[in-house]
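A.B. asks: Here it is, the structure, as structure tokens.
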Amino acid sequence: MNIDKNMLASLANLDDKTLISSIRMIAAASGIDLSETKFEKGQLDALRTAMRGATDKDIENAKRIFEGYTKK
């Protein structure tokens, strides 16, 4: 999956339920189980703000971090 600014902008514009579902799906594709994770409104708002303001460098750093959590 190629995560870029356009994808983040699209995710940021989703309603809460769809955003949570998308986060869980992306995580599951990488072997991370977030099925029991609770997402609060404030967390989702902060995530949207971060996604909308992410730079290319931020995205590359996030990809490296995310790769550390994926199952090999």
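Within each chain, counting starts at residue 1; across the structure tokens, chains are named A, B, ... in the order shown, with ligands numbered 1 upward in that order.
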Which residues, written as a PyMOL selection string, have at least one atom at most 9 Å from Ala9 in chain A, with only C-alpha atoms counted and residues fewer than 5 positions away on the same chain left out?
C.D. replies: chain A and resi 4+48+51-52
A.B. asks: Using only C-alpha atoms, pick whichever of A:Asp16, A:Ala28, A:Thr55, A:Ala62 has the shortest atom-to-atom distance to Gly42 in chain A.
C.D. replies: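 Looking only at the distances to Gly42 in chain A, the closest residue turns out to be A:Asp16.
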A.B. asks: As an mmCIF file with N, CA and C atoms, in the first residue's frame, please: all residues of range 13-52 of chain A that backbone DSSP puts in alpha helix (DSSP H).
C.D. replies:
```
data_model
loop_
_atom_site.group_PDB
_atom_site.id
_atom_site.type_symbol
_atom_site.label_atom_id
_atom_site.label_comp_id
_atom_site.auth_asym_id
_atom_site.auth_seq_id
_atom_site.Cartn_x
_atom_site.Cartn_y
_atom_site.Cartn_z
ATOM 1 N N ASP A 16 -16.209 9.352 11.067
ATOM 2 C CA ASP A 16 -15.522 8.602 12.120
ATOM 3 C C ASP A 16 -15.590 7.094 11.920
ATOM 4 N N LYS A 17 -16.768 6.574 11.677
ATOM 5 C CA LYS A 17 -16.942 5.126 11.555
ATOM 6 C C LYS A 17 -16.114 4.565 10.392
ATOM 7 N N THR A 18 -16.139 5.245 9.268
ATOM 8 C CA THR A 18 -15.400 4.782 8.096
ATOM 9 C C THR A 18 -13.900 4.937 8.308
ATOM 10 N N LEU A 19 -13.476 6.011 8.968
ATOM 11 C CA LEU A 19 -12.056 6.202 9.260
ATOM 12 C C LEU A 19 -11.545 5.082 10.162
ATOM 13 N N ILE A 20 -12.280 4.777 11.209
ATOM 14 C CA ILE A 20 -11.879 3.701 12.118
ATOM 15 C C ILE A 20 -11.791 2.375 11.369
ATOM 16 N N SER A 21 -12.765 2.100 10.552
ATOM 17 C CA SER A 21 -12.760 0.862 9.765
ATOM 18 C C SER A 21 -11.544 0.816 8.841
ATOM 19 N N SER A 22 -11.231 1.932 8.224
ATOM 20 C CA SER A 22 -10.078 2.001 7.319
ATOM 21 C C SER A 22 -8.770 1.805 8.070
ATOM 22 N N ILE A 23 -8.649 2.417 9.234
ATOM 23 C CA ILE A 23 -7.444 2.256 10.060
ATOM 24 C C ILE A 23 -7.270 0.785 10.414
ATOM 25 N N ARG A 24 -8.339 0.144 10.842
ATOM 26 C CA ARG A 24 -8.263 -1.279 11.205
ATOM 27 C C ARG A 24 -7.890 -2.145 10.006
ATOM 28 N N MET A 25 -8.432 -1.823 8.837
ATOM 29 C CA MET A 25 -8.145 -2.595 7.634
ATOM 30 C C MET A 25 -6.677 -2.436 7.225
ATOM 31 N N ILE A 26 -6.170 -1.214 7.260
ATOM 32 C CA ILE A 26 -4.774 -0.962 6.904
ATOM 33 C C ILE A 26 -3.852 -1.689 7.882
ATOM 34 N N ALA A 27 -4.173 -1.609 9.157
ATOM 35 C CA ALA A 27 -3.358 -2.294 10.169
ATOM 36 C C ALA A 27 -3.405 -3.808 9.969
ATOM 37 N N ALA A 28 -4.588 -4.354 9.741
ATOM 38 C CA ALA A 28 -4.727 -5.803 9.552
ATOM 39 C C ALA A 28 -3.936 -6.297 8.355
ATOM 40 N N ALA A 29 -3.882 -5.496 7.302
ATOM 41 C CA ALA A 29 -3.118 -5.880 6.106
ATOM 42 C C ALA A 29 -1.631 -6.003 6.417
ATOM 43 N N LYS A 41 -13.216 10.437 20.052
ATOM 44 C CA LYS A 41 -13.412 11.554 19.131
ATOM 45 C C LYS A 41 -12.191 12.468 19.099
ATOM 46 N N GLY A 42 -11.640 12.790 20.253
ATOM 47 C CA GLY A 42 -10.470 13.659 20.314
ATOM 48 C C GLY A 42 -9.263 13.059 19.608
ATOM 49 N N GLN A 43 -9.104 11.742 19.731
ATOM 50 C CA GLN A 43 -8.001 11.065 19.045
ATOM 51 C C GLN A 43 -8.180 11.142 17.533
ATOM 52 N N LEU A 44 -9.401 10.927 17.078
ATOM 53 C CA LEU A 44 -9.668 10.979 15.640
ATOM 54 C C LEU A 44 -9.466 12.392 15.099
ATOM 55 N N ASP A 45 -9.891 13.392 15.857
ATOM 56 C CA ASP A 45 -9.693 14.782 15.436
ATOM 57 C C ASP A 45 -8.202 15.109 15.340
ATOM 58 N N ALA A 46 -7.423 14.661 16.329
ATOM 59 C CA ALA A 46 -5.975 14.899 16.309
ATOM 60 C C ALA A 46 -5.324 14.156 15.142
ATOM 61 N N LEU A 47 -5.787 12.955 14.873
ATOM 62 C CA LEU A 47 -5.261 12.182 13.744
ATOM 63 C C LEU A 47 -5.552 12.888 12.432
ATOM 64 N N ARG A 48 -6.764 13.389 12.277
ATOM 65 C CA ARG A 48 -7.119 14.122 11.053
ATOM 66 C C ARG A 48 -6.226 15.353 10.870
ATOM 67 N N THR A 49 -5.995 16.083 11.949
ATOM 68 C CA THR A 49 -5.134 17.259 11.890
ATOM 69 C C THR A 49 -3.725 16.859 11.458
ATOM 70 N N ALA A 50 -3.218 15.782 12.035
ATOM 71 C CA ALA A 50 -1.876 15.304 11.680
ATOM 72 C C ALA A 50 -1.816 14.843 10.225
ATOM 73 N N MET A 51 -2.849 14.147 9.770
ATOM 74 C CA MET A 51 -2.854 13.659 8.385
ATOM 75 C C MET A 51 -2.893 14.827 7.403
ATOM 76 N N ARG A 52 -3.671 15.835 7.719
ATOM 77 C CA ARG A 52 -3.787 16.989 6.811
ATOM 78 C C ARG A 52 -2.511 17.813 6.765
#
```
A.B. asks: If you measure from CA of Ile3 in chain A to CA of Lys63 in chain A, what distance in Å do you get, rounded to one decimal?
C.D. replies: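 According to the coordinates, CA of Ile3 in chain A and CA of Lys63 in chain A are separated by 8.1 Å.
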A.B. asks: Quick one: pull the distance between CA of Leu14 in chain A and CA of Gly31 in chain A, Å, one decimal.
C.D. replies: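 These two atoms are separated by 23.1 Å.
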A.B. asks: Report the distance between CA of Asn6 in chain A and CA of Glu36 in chain A in Å, rounded to one decimal place.
C.D. replies: 28.0 Å
